[in-house]
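A.B. asks: Just passing along the structure, written as structure tokens.
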Amino acid sequence: MASGKAETGSLKLVSVLDLNEASVLHGQLSSMRGNDLSIDASGVDRVGVQCVQVLMAAANAWEEDKKQFVFEKVSDAFRKTMQLIGINIDHLLAKEIQQ
């Protein structure tokens, strides 16, 4: 019997999110769809646009599913790269880390 409580998944991103990592990230996120998701980007040193696209598509999918998709921790490199390419993730940040 299924419980009424939704599961919460967590995902720790690798330090280099480049083209090679984009398909791996997509697979990880696809397997977690349907549950609330907490992402730890605190160890990210480099972010490629392909992985940003995967993450933003996932955020949209979670929103459509009415599930929580939140970045619990982000590194300065992750935050600065997102700002540099014009992606505002403020609405996806955990309240504790919003500035």
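Just remember, in the structure tokens the first chain shown is A, the second B, etc., residues are 1-based per chain, and ligands are 1-based in the order shown.
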Using DSSP secondary structure from the backbone, list all strand (DSSP E) positions within chain A, as a PyMOL selection string.

C.D. replies: chain A and resi 8-12+16-17+36-41+46-47+69-74

A.B. asks: Name all residues at most 10 Å from His26 (chain A) (count only C-alpha atoms; drop same-chain ones fewer than 5 positions away) and give them as number ranges by chain.

C.D. replies: A: 21, 31, 51, 53-55, 57-58

A.B. asks: How would the residues just picked look written out with N, CA, C and O atoms as an mmCIF file, in the first residue's frame?

C.D. replies:
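What landed in selection.cif:
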data_model
loop_
_atom_site.group_PDB
_atom_site.id
_atom_site.type_symbol
_atom_site.label_atom_id
_atom_site.label_comp_id
_atom_site.auth_asym_id
_atom_site.auth_seq_id
_atom_site.Cartn_x
_atom_site.Cartn_y
_atom_site.Cartn_z
ATOM 1 N N GLU A 21 29.227 14.929 -19.044
ATOM 2 C CA GLU A 21 28.407 14.681 -17.856
ATOM 3 C C GLU A 21 26.916 14.924 -18.114
ATOM 4 O O GLU A 21 26.069 14.440 -17.355
ATOM 5 N N SER A 31 15.603 9.330 -13.455
ATOM 6 C CA SER A 31 15.275 8.257 -12.515
ATOM 7 C C SER A 31 14.663 8.791 -11.219
ATOM 8 O O SER A 31 14.052 8.030 -10.473
ATOM 9 N N CYS A 51 24.791 21.082 -19.333
ATOM 10 C CA CYS A 51 24.289 20.643 -18.026
ATOM 11 C C CYS A 51 23.307 21.656 -17.445
ATOM 12 O O CYS A 51 22.348 21.282 -16.776
ATOM 13 N N GLN A 53 21.260 23.366 -19.257
ATOM 14 C CA GLN A 53 20.020 23.063 -19.974
ATOM 15 C C GLN A 53 19.308 21.862 -19.358
ATOM 16 O O GLN A 53 18.092 21.873 -19.181
ATOM 17 N N VAL A 54 20.062 20.829 -19.012
ATOM 18 C CA VAL A 54 19.477 19.637 -18.393
ATOM 19 C C VAL A 54 18.846 20.005 -17.048
ATOM 20 O O VAL A 54 17.716 19.601 -16.750
ATOM 21 N N LEU A 55 19.554 20.790 -16.248
ATOM 22 C CA LEU A 55 19.031 21.188 -14.937
ATOM 23 C C LEU A 55 17.777 22.059 -15.058
ATOM 24 O O LEU A 55 16.805 21.873 -14.316
ATOM 25 N N ALA A 57 15.668 22.183 -17.629
ATOM 26 C CA ALA A 57 14.580 21.341 -18.143
ATOM 27 C C ALA A 57 13.991 20.497 -17.012
ATOM 28 O O ALA A 57 12.765 20.326 -16.920
ATOM 29 N N ALA A 58 14.861 19.999 -16.142
ATOM 30 C CA ALA A 58 14.387 19.222 -14.996
ATOM 31 C C ALA A 58 13.563 20.098 -14.058
ATOM 32 O O ALA A 58 12.510 19.676 -13.574
#

A.B. asks: For Phe71 (chain A), which residue out of A:Leu29, A:Leu11, A:Leu17, A:Asn35 is the nearest one, using only C-alpha atoms?

C.D. replies: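 Among the listed residues, A:Leu11 lies closest to Phe71 (chain A).
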
A.B. asks: When you look at region 73-80 of chain A with a cut-off of 12 Å (counting only C-alpha atoms), what residues show up, excluding the ones that are within fewer than 5 positions of it in the same chain? I need them as an NGL selection string.

C.D. replies: :A and (10-17 or 38-49 or 51-52 or 85-90 or 92-99)

A.B. asks: Interatomic distance between CA of Asp36 (chain A) and CA of Leu84 (chain A)?

C.D. replies: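 According to the coordinates, CA of Asp36 (chain A) and CA of Leu84 (chain A) are separated by 27.7 Å.
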
A.B. asks: For CA of Met32 (chain A) and CA of Thr81 (chain A), quote the distance in Å rounded to one decimal.

C.D. replies: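 Straight-line distance from CA of Met32 (chain A) to CA of Thr81 (chain A) works out to 24.8 Å.
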
A.B. asks: Compile the contact shell of Glu63 (chain A) as a ChimeraX atom specification: residues with an atom at most 12 Å away, counting only C-alpha atoms, same-chain residues fewer than 2 positions apart removed.

C.D. replies: /A:33-37,56-61,65-70,91-92

A.B. asks: Give me every helix (DSSP H, G or I) residue in chain A, going by DSSP on the backbone, as a PyMOL selection string.

C.D. replies: chain A and resi 19-32+49-64+76-84+90-92+95-97

A.B. asks: Could you take the residues named above and write them with C-alpha atoms, as a PDB file, in the first residue's frame?

C.D. replies:
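Writing done, so here's result_36.pdb:
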ATOM      1  CA  LEU A  19      29.301  17.904 -22.143  1.00  0.00           C
ATOM      2  CA  ASN A  20      30.328  14.373 -21.123  1.00  0.00           C
ATOM      3  CA  GLU A  21      28.407  14.681 -17.856  1.00  0.00           C
ATOM      4  CA  ALA A  22      25.185  16.013 -19.440  1.00  0.00           C
ATOM      5  CA  SER A  23      23.790  12.599 -20.431  1.00  0.00           C
ATOM      6  CA  VAL A  24      24.741  11.106 -17.054  1.00  0.00           C
ATOM      7  CA  LEU A  25      23.002  13.987 -15.280  1.00  0.00           C
ATOM      8  CA  HIS A  26      19.937  13.563 -17.487  1.00  0.00           C
ATOM      9  CA  GLY A  27      19.751   9.880 -16.601  1.00  0.00           C
ATOM     10  CA  GLN A  28      20.116  10.580 -12.876  1.00  0.00           C
ATOM     11  CA  LEU A  29      17.391  13.212 -12.946  1.00  0.00           C
ATOM     12  CA  SER A  30      15.061  11.069 -15.054  1.00  0.00           C
ATOM     13  CA  SER A  31      15.275   8.257 -12.515  1.00  0.00           C
ATOM     14  CA  MET A  32      14.295  10.667  -9.724  1.00  0.00           C
ATOM     15  CA  VAL A  49      25.775  25.088 -20.794  1.00  0.00           C
ATOM     16  CA  GLN A  50      24.600  21.583 -21.714  1.00  0.00           C
ATOM     17  CA  CYS A  51      24.289  20.643 -18.026  1.00  0.00           C
ATOM     18  CA  VAL A  52      22.581  23.952 -17.286  1.00  0.00           C
ATOM     19  CA  GLN A  53      20.020  23.063 -19.974  1.00  0.00           C
ATOM     20  CA  VAL A  54      19.477  19.637 -18.393  1.00  0.00           C
ATOM     21  CA  LEU A  55      19.031  21.188 -14.937  1.00  0.00           C
ATOM     22  CA  MET A  56      16.618  23.879 -16.150  1.00  0.00           C
ATOM     23  CA  ALA A  57      14.580  21.341 -18.143  1.00  0.00           C
ATOM     24  CA  ALA A  58      14.387  19.222 -14.996  1.00  0.00           C
ATOM     25  CA  ALA A  59      13.267  22.230 -12.945  1.00  0.00           C
ATOM     26  CA  ASN A  60      10.460  22.791 -15.469  1.00  0.00           C
ATOM     27  CA  ALA A  61       9.481  19.111 -15.390  1.00  0.00           C
ATOM     28  CA  TRP A  62       9.340  19.118 -11.581  1.00  0.00           C
ATOM     29  CA  GLU A  63       7.229  22.275 -11.672  1.00  0.00           C
ATOM     30  CA  GLU A  64       4.798  20.614 -14.105  1.00  0.00           C
ATOM     31  CA  ASP A  76      30.392  30.272  -5.873  1.00  0.00           C
ATOM     32  CA  ALA A  77      31.491  28.876  -9.250  1.00  0.00           C
ATOM     33  CA  PHE A  78      28.031  27.414  -9.866  1.00  0.00           C
ATOM     34  CA  ARG A  79      26.233  30.615  -8.855  1.00  0.00           C
ATOM     35  CA  LYS A  80      28.579  32.855 -10.864  1.00  0.00           C
ATOM     36  CA  THR A  81      28.322  30.702 -13.988  1.00  0.00           C
ATOM     37  CA  MET A  82      24.535  30.772 -13.820  1.00  0.00           C
ATOM     38  CA  GLN A  83      24.592  34.567 -13.474  1.00  0.00           C
ATOM     39  CA  LEU A  84      27.138  34.908 -16.286  1.00  0.00           C
ATOM     40  CA  ASP A  90      16.968  32.453  -7.022  1.00  0.00           C
ATOM     41  CA  HIS A  91      13.498  30.875  -7.072  1.00  0.00           C
ATOM     42  CA  LEU A  92      15.131  27.419  -6.940  1.00  0.00           C
ATOM     43  CA  LYS A  95      15.471  29.753   1.674  1.00  0.00           C
ATOM     44  CA  GLU A  96      18.549  29.327   3.886  1.00  0.00           C
ATOM     45  CA  ILE A  97      20.949  30.283   1.078  1.00  0.00           C
TER      46      ILE A  97
END
